[in-house]
Amino acid sequence: MKVLKEFEIILKSFTWTGVIFPSVEAKKRKTKVFDKLKIILKSLSETAFVSFTVFTIFQGINGRVESAISFKVTTITLNTLLLILRLSVLRDKKRILKTLVRLQGFGNRREKGIPFPFQKYSLLACGICILFPVSLIAGTAIQILINLDEYLPMMYIDAHNMTTHSKFFYGFFLVLHSIAYVIHYLMFPGMVMILLSFVYLFFIKSFYQQLESIQFRLLQNFSRQEVSRALMAFSLAKKIHRDIEETFSFKTFLAYVQTFGNILQVVCMITTDYLSEEKTMQILFSFTIFFWTIGGFVLLTICGTQVAKIEVIVKDIRQEVISKNYGKKPEGQNELACLNLYDACSSLELRFTAWGMFEVDKKLFLTISGVLVTYGVLFATEVARV
């Protein structure tokens, strides 16, 4: 299956997070042994990350690192959400590819290219989503290796009676754990946010340009043929929108719930004085999680909100085209054509939702901000009392 270059970059970037999509390029002839080896490596990689996600949940429940109950609960909840999100993406890999292929066919209906550098922005977004966690991993690894004697007691490991080789082994294990956790906690949800945002934005830009072309043709030459073309475009847009909703709405819901949970975890981390022995690490983790979460939330919400532009141009078509041509009868059927077009424009509602729970629009900025401030303050107050 062939998808657009923009989405191909995003899907290939998912490989870094342990989610490997089927090849989106034309298949070359390969040996059966190579194909089997490739399938085995893919399965091992995906299974390893799923296992690590399950391990983080059990580590939160039975971990030996001391932390407040509130911090444990938020951590376990977030890791459970990430496990559900990962399993959802793994389950729907083929479905996601099919939706992207249909989206490509829908985009090809536009008469000229979209005046928006999708490929450059997808490359930039994926680069940030990969390189920033990599730099964080490098900094964390250096911090651990330099101060290994301080970090081993935090894991209830006695570093005084250990040999240099044993210290190196445990230090290497801590670095590997940090790498896997950053990929699991930051990189993977970030890639999901990028995929959702670009799917929404590409659909909106493609359909908006088609609507501009439809509006121009109907104003220049209002006929049954042009109205029929417009109705076909509306029908196809509804099908593509339904495919997007069925494939991605649950993942959007999980992404927003995770946003809420991440902010509460930052509040809990500060109020419970988690990692109090390492103030630098505490500040680094708090600010990283906060700004990474807010960045993903803003990106997804802004891209989903752009669908309001479609409602505006559809309203313009309904008012300008129909008011200009209603009553004129050069073909004897214009009134019926106008009524059909009016009905199609009135019934066209293409809002993106989070699993049907709420719509992705600008109101989310105020709603979630208000909820976070209210519950964040209450949560911080109760945690401080405990």
# chains A, B, ... in the order shown; residues from 1 in each chain; ligands from 1
$ residues_around --residues "Leu195 in chain A" --least-positions-apart "3" --cutoff "8 Å" --atoms "only C-alpha atoms" --output "list of chain:residue names"
A:Phe7, A:Ile10, A:Met191, A:Val192, A:Phe198, A:Val199
$ write_last_selection --atoms "N, CA, C and O atoms" --output "tab-separated table (two decimals), in the first residue's frame"
chain	number	residue	atom	x	y	z
A	7	PHE	N	3.03	11.14	5.27
A	7	PHE	CA	2.64	10.11	6.24
A	7	PHE	C	3.66	8.97	6.28
A	7	PHE	O	3.80	8.30	7.31
A	10	ILE	N	6.13	9.85	8.88
A	10	ILE	CA	5.59	9.65	10.24
A	10	ILE	C	5.56	8.17	10.58
A	10	ILE	O	5.95	7.77	11.69
A	191	MET	N	4.53	10.82	18.94
A	191	MET	CA	4.31	10.38	17.57
A	191	MET	C	2.83	10.17	17.28
A	191	MET	O	2.36	10.45	16.17
A	192	VAL	N	2.09	9.69	18.26
A	192	VAL	CA	0.64	9.52	18.08
A	192	VAL	C	-0.02	10.88	17.87
A	192	VAL	O	-0.88	11.04	16.99
A	198	PHE	N	-1.67	15.51	11.75
A	198	PHE	CA	-1.46	15.60	10.31
A	198	PHE	C	-2.60	14.93	9.52
A	198	PHE	O	-2.91	15.37	8.41
A	199	VAL	N	-3.20	13.89	10.07
A	199	VAL	CA	-4.37	13.30	9.42
A	199	VAL	C	-5.51	14.32	9.37
A	199	VAL	O	-6.14	14.53	8.33
$ residues_around --residues "range 289-295 of chain A" --least-positions-apart "5" --cutoff "8 Å" --atoms "only C-alpha atoms" --output "list of chain:residue names"
A:Leu186, A:Thr259, A:Asn262, A:Ile263, A:Val266
$ atom_distance --atom1 "CA of Leu81 in chain A" --atom2 "CA of Pro189 in chain A"
10.3 Å
$ closest_residue --among "A:Ser178, A:Thr74, A:Gln119, A:Gln258" --to "Leu136 in chain A" --atoms "only C-alpha atoms"
A:Ser178
$ closest_residue --among "A:Leu236, A:Val257, A:Ile244, A:Leu97" --to "Leu78 in chain A" --atoms "only C-alpha atoms"
A:Val257
$ atom_distance --atom1 "CA of Thr47 in chain A" --atom2 "CA of Met187 in chain A"
17.2 Å
$ closest_residue --among "A:Leu300, A:Val134, A:Cys268, A:Val101" --to "Phe379 in chain A" --atoms "only C-alpha atoms"
A:Cys268
$ select_by_dssp --residues "range 33-200 of chain A" --states "helix (DSSP H, G or I)" --output "ChimeraX atom specification"
/A:33-62,69-91,93-107,118-146,148-154,164-200
